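Here the structure is laid out as structure tokens; the discussion comes afterwards.
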Amino acid sequence: MAEPTPRRNEPRLRPAPLLFEPAQAADDPEHFFDLESIDDPRALLARATELTQAFRTATDRAVEFQAIAAAQLADPRRFDRLTPADIAARAEWTEDYAKKMVEFGRDLMRGGAEGRGTADPV
């Protein structure tokens, strides 16, 4: 996954709110997709597993979109292209990771990463 660069004196950004969780529930730190209300451990395990798989899939897709965006930003045909160092700074990655993401994004845009089963560029 991404390698965040810690920065002092900068506030931590909150993760983006999940669009399908009601805002009232998001305000309650004990609430998480209504899992706390499930009493049956079998049902809780099943629902928590469903959510875990959904989040993993969403993470993989988001990483793919990050890679595609990085590749597009680094495209030498762009007059406003960014260097891997610039991309790394924007995404809070290391420069080496940004280079790998650019290559992964190029591979995705060529269609070469289909069927890989994972969005991990490393």
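For the structure tokens, the naming scheme is as follows: chains receive sequential letters (A, B, ...) according to their order of presentation, residues are indexed from 1 within each chain, and ligands are indexed from 1 in presentation order.
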
Please identify the helix (DSSP H, G or I) residues within range 31-62 of chain A (assignment by DSSP from backbone atoms) and present them as a compact mmCIF listing (two decimals) with all heavy atoms, in the first residue's frame.
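See states.txt below for the written result:
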```txt
# COMPACT_ATOMS: atom_id res chain seq x y z
N LEU A 35 -22.85 -2.95 12.84
CA LEU A 35 -22.32 -4.21 13.34
C LEU A 35 -22.53 -4.35 14.84
O LEU A 35 -22.73 -5.46 15.35
CB LEU A 35 -20.82 -4.34 13.03
CG LEU A 35 -20.45 -4.51 11.57
CD1 LEU A 35 -18.93 -4.56 11.43
CD2 LEU A 35 -21.09 -5.73 10.97
N GLU A 36 -22.49 -3.23 15.55
CA GLU A 36 -22.63 -3.28 17.01
C GLU A 36 -24.02 -3.76 17.44
O GLU A 36 -24.20 -4.19 18.57
CB GLU A 36 -22.32 -1.93 17.63
CG GLU A 36 -23.36 -0.86 17.39
CD GLU A 36 -23.36 -0.29 15.98
OE1 GLU A 36 -22.41 -0.52 15.22
OE2 GLU A 36 -24.33 0.40 15.64
N SER A 37 -24.98 -3.72 16.55
CA SER A 37 -26.34 -4.14 16.90
C SER A 37 -26.60 -5.62 16.61
O SER A 37 -27.66 -6.13 16.93
CB SER A 37 -27.37 -3.28 16.16
OG SER A 37 -27.32 -3.57 14.79
N PRO A 41 -23.26 -14.16 16.97
CA PRO A 41 -21.87 -14.14 16.48
C PRO A 41 -21.72 -14.69 15.06
O PRO A 41 -20.85 -14.23 14.32
CB PRO A 41 -21.11 -15.00 17.49
CG PRO A 41 -22.08 -15.53 18.46
CD PRO A 41 -23.42 -14.95 18.17
N ARG A 42 -22.57 -15.63 14.67
CA ARG A 42 -22.49 -16.14 13.30
C ARG A 42 -22.87 -15.05 12.29
O ARG A 42 -22.21 -14.87 11.28
CB ARG A 42 -23.41 -17.35 13.14
CG ARG A 42 -22.88 -18.60 13.82
CD ARG A 42 -23.85 -19.78 13.63
NE ARG A 42 -23.42 -20.92 14.40
CZ ARG A 42 -23.77 -21.17 15.65
NH1 ARG A 42 -24.57 -20.34 16.29
NH2 ARG A 42 -23.32 -22.24 16.28
N ALA A 43 -23.94 -14.36 12.60
CA ALA A 43 -24.37 -13.26 11.73
C ALA A 43 -23.35 -12.13 11.73
O ALA A 43 -23.08 -11.53 10.69
CB ALA A 43 -25.74 -12.75 12.16
N LEU A 44 -22.78 -11.85 12.90
CA LEU A 44 -21.76 -10.80 13.00
C LEU A 44 -20.54 -11.15 12.17
O LEU A 44 -20.03 -10.32 11.42
CB LEU A 44 -21.38 -10.58 14.46
CG LEU A 44 -20.30 -9.54 14.73
CD1 LEU A 44 -20.73 -8.17 14.21
CD2 LEU A 44 -19.99 -9.47 16.22
N LEU A 45 -20.09 -12.40 12.27
CA LEU A 45 -18.95 -12.83 11.48
C LEU A 45 -19.25 -12.73 9.99
O LEU A 45 -18.42 -12.24 9.20
CB LEU A 45 -18.54 -14.26 11.84
CG LEU A 45 -17.36 -14.84 11.05
CD1 LEU A 45 -16.11 -14.00 11.27
CD2 LEU A 45 -17.13 -16.28 11.44
N ALA A 46 -20.42 -13.16 9.59
CA ALA A 46 -20.79 -13.12 8.17
C ALA A 46 -20.83 -11.68 7.66
O ALA A 46 -20.27 -11.38 6.60
CB ALA A 46 -22.14 -13.80 7.96
N ARG A 47 -21.47 -10.79 8.41
CA ARG A 47 -21.58 -9.39 7.96
C ARG A 47 -20.23 -8.69 7.99
O ARG A 47 -19.88 -7.95 7.06
CB ARG A 47 -22.59 -8.65 8.85
CG ARG A 47 -22.77 -7.21 8.48
CD ARG A 47 -23.42 -7.08 7.10
NE ARG A 47 -23.60 -5.68 6.80
CZ ARG A 47 -23.26 -5.11 5.65
NH1 ARG A 47 -22.78 -5.83 4.67
NH2 ARG A 47 -23.44 -3.83 5.46
N ALA A 48 -19.44 -8.93 9.03
CA ALA A 48 -18.11 -8.31 9.11
C ALA A 48 -17.22 -8.81 7.98
O ALA A 48 -16.44 -8.05 7.40
CB ALA A 48 -17.48 -8.59 10.47
N THR A 49 -17.36 -10.09 7.63
CA THR A 49 -16.59 -10.64 6.51
C THR A 49 -17.01 -10.00 5.19
O THR A 49 -16.17 -9.67 4.36
CB THR A 49 -16.76 -12.18 6.46
OG1 THR A 49 -16.31 -12.73 7.70
CG2 THR A 49 -15.98 -12.78 5.32
N GLU A 50 -18.31 -9.82 5.01
CA GLU A 50 -18.80 -9.14 3.80
C GLU A 50 -18.21 -7.74 3.69
O GLU A 50 -17.76 -7.31 2.62
CB GLU A 50 -20.33 -9.03 3.82
CG GLU A 50 -21.06 -10.32 3.60
CD GLU A 50 -22.56 -10.17 3.81
OE1 GLU A 50 -23.02 -9.08 4.22
OE2 GLU A 50 -23.28 -11.15 3.58
N LEU A 51 -18.21 -7.01 4.80
CA LEU A 51 -17.67 -5.65 4.80
C LEU A 51 -16.17 -5.66 4.51
O LEU A 51 -15.67 -4.83 3.75
CB LEU A 51 -17.95 -4.95 6.12
CG LEU A 51 -19.37 -4.45 6.31
CD1 LEU A 51 -19.59 -3.98 7.75
CD2 LEU A 51 -19.68 -3.33 5.34
N THR A 52 -15.46 -6.61 5.12
CA THR A 52 -14.02 -6.71 4.90
C THR A 52 -13.73 -6.93 3.42
O THR A 52 -12.85 -6.26 2.84
CB THR A 52 -13.42 -7.85 5.74
OG1 THR A 52 -13.65 -7.57 7.12
CG2 THR A 52 -11.94 -8.02 5.49
N GLN A 53 -14.45 -7.84 2.80
CA GLN A 53 -14.24 -8.11 1.38
C GLN A 53 -14.60 -6.89 0.53
O GLN A 53 -13.90 -6.58 -0.44
CB GLN A 53 -15.03 -9.34 0.95
CG GLN A 53 -14.49 -10.61 1.58
CD GLN A 53 -15.39 -11.81 1.38
OE1 GLN A 53 -16.56 -11.68 1.02
NE2 GLN A 53 -14.86 -12.99 1.62
N ALA A 54 -15.66 -6.21 0.90
CA ALA A 54 -16.06 -5.01 0.15
C ALA A 54 -15.00 -3.92 0.26
O ALA A 54 -14.66 -3.26 -0.73
CB ALA A 54 -17.40 -4.49 0.65
N PHE A 55 -14.46 -3.73 1.46
CA PHE A 55 -13.43 -2.70 1.64
C PHE A 55 -12.14 -3.07 0.93
O PHE A 55 -11.47 -2.20 0.36
CB PHE A 55 -13.16 -2.45 3.13
CG PHE A 55 -14.26 -1.69 3.81
CD1 PHE A 55 -14.78 -2.14 5.01
CD2 PHE A 55 -14.79 -0.54 3.27
CE1 PHE A 55 -15.80 -1.45 5.65
CE2 PHE A 55 -15.81 0.16 3.89
CZ PHE A 55 -16.32 -0.30 5.09
N ARG A 56 -11.79 -4.35 0.92
CA ARG A 56 -10.59 -4.77 0.19
C ARG A 56 -10.75 -4.50 -1.30
O ARG A 56 -9.84 -4.02 -1.97
CB ARG A 56 -10.31 -6.25 0.43
CG ARG A 56 -9.71 -6.52 1.77
CD ARG A 56 -9.37 -7.99 1.94
NE ARG A 56 -8.89 -8.21 3.29
CZ ARG A 56 -9.10 -9.33 3.97
NH1 ARG A 56 -9.78 -10.33 3.43
NH2 ARG A 56 -8.63 -9.46 5.19
N THR A 57 -11.92 -4.83 -1.82
CA THR A 57 -12.19 -4.58 -3.23
C THR A 57 -12.15 -3.09 -3.53
O THR A 57 -11.56 -2.66 -4.53
CB THR A 57 -13.56 -5.18 -3.62
OG1 THR A 57 -13.54 -6.58 -3.38
CG2 THR A 57 -13.89 -4.91 -5.08
N ALA A 58 -12.76 -2.30 -2.66
CA ALA A 58 -12.75 -0.85 -2.85
C ALA A 58 -11.33 -0.30 -2.78
O ALA A 58 -10.95 0.58 -3.57
CB ALA A 58 -13.63 -0.17 -1.81
N THR A 59 -10.52 -0.83 -1.87
CA THR A 59 -9.14 -0.40 -1.75
C THR A 59 -8.36 -0.72 -3.03
O THR A 59 -7.62 0.11 -3.55
CB THR A 59 -8.47 -1.05 -0.54
OG1 THR A 59 -9.16 -0.64 0.64
CG2 THR A 59 -7.00 -0.66 -0.42
N ASP A 60 -8.53 -1.93 -3.53
CA ASP A 60 -7.84 -2.33 -4.75
C ASP A 60 -8.21 -1.41 -5.91
O ASP A 60 -7.34 -0.98 -6.68
CB ASP A 60 -8.16 -3.78 -5.12
CG ASP A 60 -7.48 -4.78 -4.20
OD1 ASP A 60 -6.59 -4.39 -3.43
OD2 ASP A 60 -7.86 -5.97 -4.25
N ARG A 61 -9.49 -1.12 -6.04
CA ARG A 61 -9.94 -0.23 -7.13
C ARG A 61 -9.39 1.17 -6.96
O ARG A 61 -8.96 1.80 -7.92
CB ARG A 61 -11.47 -0.19 -7.20
CG ARG A 61 -12.09 -1.49 -7.64
CD ARG A 61 -11.86 -1.80 -9.10
NE ARG A 61 -12.56 -0.84 -9.93
CZ ARG A 61 -12.13 -0.40 -11.10
NH1 ARG A 61 -11.02 -0.84 -11.62
NH2 ARG A 61 -12.83 0.48 -11.77
N ALA A 62 -9.38 1.66 -5.73
CA ALA A 62 -8.85 3.00 -5.48
C ALA A 62 -7.36 3.06 -5.81
O ALA A 62 -6.89 4.04 -6.40
CB ALA A 62 -9.09 3.42 -4.02
```

ask   = Which residues come within 12 Å of Asp75 in chain A, counting only C-alpha atoms, excluding same-chain residues fewer than 6 positions away, as a PyMOL selection string?
value = chain A and resi 68-69+81-84+87+102-103+105-106+109

Quick one: write out the picked residues with all heavy atoms as a JSON list (two decimals), in the first residue's frame?
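Just written: result_37.json:
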```json
[["chain", "number", "residue", "atom", "x", "y", "z"],
["A", 68, "ILE", "N", -3.39, 4.94, -12.21],
["A", 68, "ILE", "CA", -3.73, 5.51, -13.51],
["A", 68, "ILE", "C", -3.52, 7.02, -13.48],
["A", 68, "ILE", "O", -2.95, 7.60, -14.41],
["A", 68, "ILE", "CB", -5.17, 5.15, -13.91],
["A", 68, "ILE", "CG1", -5.25, 3.65, -14.24],
["A", 68, "ILE", "CG2", -5.67, 5.99, -15.07],
["A", 68, "ILE", "CD1", -6.65, 3.10, -14.38],
["A", 69, "ALA", "N", -3.95, 7.67, -12.41],
["A", 69, "ALA", "CA", -3.75, 9.11, -12.30],
["A", 69, "ALA", "C", -2.27, 9.46, -12.26],
["A", 69, "ALA", "O", -1.83, 10.41, -12.92],
["A", 69, "ALA", "CB", -4.45, 9.65, -11.05],
["A", 81, "ARG", "N", 3.40, 17.87, -17.17],
["A", 81, "ARG", "CA", 3.67, 16.61, -16.50],
["A", 81, "ARG", "C", 4.41, 16.83, -15.18],
["A", 81, "ARG", "O", 5.11, 17.83, -15.00],
["A", 81, "ARG", "CB", 4.44, 15.67, -17.40],
["A", 81, "ARG", "CG", 5.88, 16.09, -17.63],
["A", 81, "ARG", "CD", 6.55, 15.10, -18.57],
["A", 81, "ARG", "NE", 7.84, 15.58, -19.00],
["A", 81, "ARG", "CZ", 8.04, 16.34, -20.07],
["A", 81, "ARG", "NH1", 7.02, 16.69, -20.84],
["A", 81, "ARG", "NH2", 9.24, 16.75, -20.38],
["A", 82, "LEU", "N", 4.26, 15.86, -14.31],
["A", 82, "LEU", "CA", 4.91, 15.92, -13.01],
["A", 82, "LEU", "C", 6.01, 14.86, -12.93],
["A", 82, "LEU", "O", 5.92, 13.81, -13.55],
["A", 82, "LEU", "CB", 3.90, 15.66, -11.88],
["A", 82, "LEU", "CG", 2.75, 16.65, -11.75],
["A", 82, "LEU", "CD1", 1.82, 16.22, -10.62],
["A", 82, "LEU", "CD2", 3.26, 18.06, -11.52],
["A", 83, "THR", "N", 7.00, 15.15, -12.13],
["A", 83, "THR", "CA", 8.06, 14.17, -11.89],
["A", 83, "THR", "C", 7.57, 13.18, -10.84],
["A", 83, "THR", "O", 6.63, 13.47, -10.09],
["A", 83, "THR", "CB", 9.33, 14.86, -11.37],
["A", 83, "THR", "OG1", 9.05, 15.40, -10.07],
["A", 83, "THR", "CG2", 9.81, 15.95, -12.32],
["A", 84, "PRO", "N", 8.22, 12.03, -10.74],
["A", 84, "PRO", "CA", 7.85, 11.10, -9.67],
["A", 84, "PRO", "C", 7.96, 11.74, -8.28],
["A", 84, "PRO", "O", 7.14, 11.46, -7.41],
["A", 84, "PRO", "CB", 8.84, 9.94, -9.83],
["A", 84, "PRO", "CG", 9.15, 9.95, -11.30],
["A", 84, "PRO", "CD", 9.18, 11.41, -11.67],
["A", 87, "ILE", "N", 4.79, 13.78, -7.81],
["A", 87, "ILE", "CA", 3.65, 12.89, -7.57],
["A", 87, "ILE", "C", 3.73, 12.32, -6.16],
["A", 87, "ILE", "O", 2.73, 12.27, -5.44],
["A", 87, "ILE", "CB", 3.61, 11.77, -8.63],
["A", 87, "ILE", "CG1", 3.32, 12.37, -10.01],
["A", 87, "ILE", "CG2", 2.58, 10.70, -8.26],
["A", 87, "ILE", "CD1", 3.53, 11.41, -11.16],
["A", 102, "VAL", "N", 3.49, 4.75, -11.13],
["A", 102, "VAL", "CA", 3.43, 5.24, -12.51],
["A", 102, "VAL", "C", 3.52, 4.06, -13.47],
["A", 102, "VAL", "O", 2.72, 3.95, -14.41],
["A", 102, "VAL", "CB", 4.54, 6.28, -12.78],
["A", 102, "VAL", "CG1", 4.68, 6.56, -14.27],
["A", 102, "VAL", "CG2", 4.27, 7.57, -12.01],
["A", 103, "GLU", "N", 4.45, 3.16, -13.23],
["A", 103, "GLU", "CA", 4.58, 1.98, -14.10],
["A", 103, "GLU", "C", 3.35, 1.08, -14.02],
["A", 103, "GLU", "O", 2.88, 0.58, -15.04],
["A", 103, "GLU", "CB", 5.84, 1.18, -13.74],
["A", 103, "GLU", "CG", 7.10, 1.86, -14.19],
["A", 103, "GLU", "CD", 7.10, 2.17, -15.69],
["A", 103, "GLU", "OE1", 6.76, 1.27, -16.50],
["A", 103, "GLU", "OE2", 7.43, 3.31, -16.05],
["A", 105, "GLY", "N", 0.33, 2.05, -13.32],
["A", 105, "GLY", "CA", -0.72, 2.77, -14.02],
["A", 105, "GLY", "C", -0.59, 2.64, -15.52],
["A", 105, "GLY", "O", -1.59, 2.45, -16.24],
["A", 106, "ARG", "N", 0.63, 2.73, -16.01],
["A", 106, "ARG", "CA", 0.85, 2.55, -17.45],
["A", 106, "ARG", "C", 0.45, 1.15, -17.89],
["A", 106, "ARG", "O", -0.16, 0.96, -18.95],
["A", 106, "ARG", "CB", 2.31, 2.83, -17.80],
["A", 106, "ARG", "CG", 2.66, 4.30, -17.71],
["A", 106, "ARG", "CD", 4.11, 4.57, -17.98],
["A", 106, "ARG", "NE", 4.37, 6.01, -17.92],
["A", 106, "ARG", "CZ", 5.55, 6.54, -17.65],
["A", 106, "ARG", "NH1", 6.60, 5.77, -17.45],
["A", 106, "ARG", "NH2", 5.69, 7.85, -17.61],
["A", 109, "MET", "N", -3.30, 0.97, -18.03],
["A", 109, "MET", "CA", -3.85, 1.68, -19.19],
["A", 109, "MET", "C", -3.62, 0.90, -20.48],
["A", 109, "MET", "O", -4.41, 1.00, -21.40],
["A", 109, "MET", "CB", -3.27, 3.09, -19.28],
["A", 109, "MET", "CG", -3.78, 3.98, -18.17],
["A", 109, "MET", "SD", -3.37, 5.74, -18.32],
["A", 109, "MET", "CE", -1.63, 5.75, -18.49]]
```

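Here CA of Val63 in chain A and CA of Asp34 in chain A stand 26.8 Å from one another.
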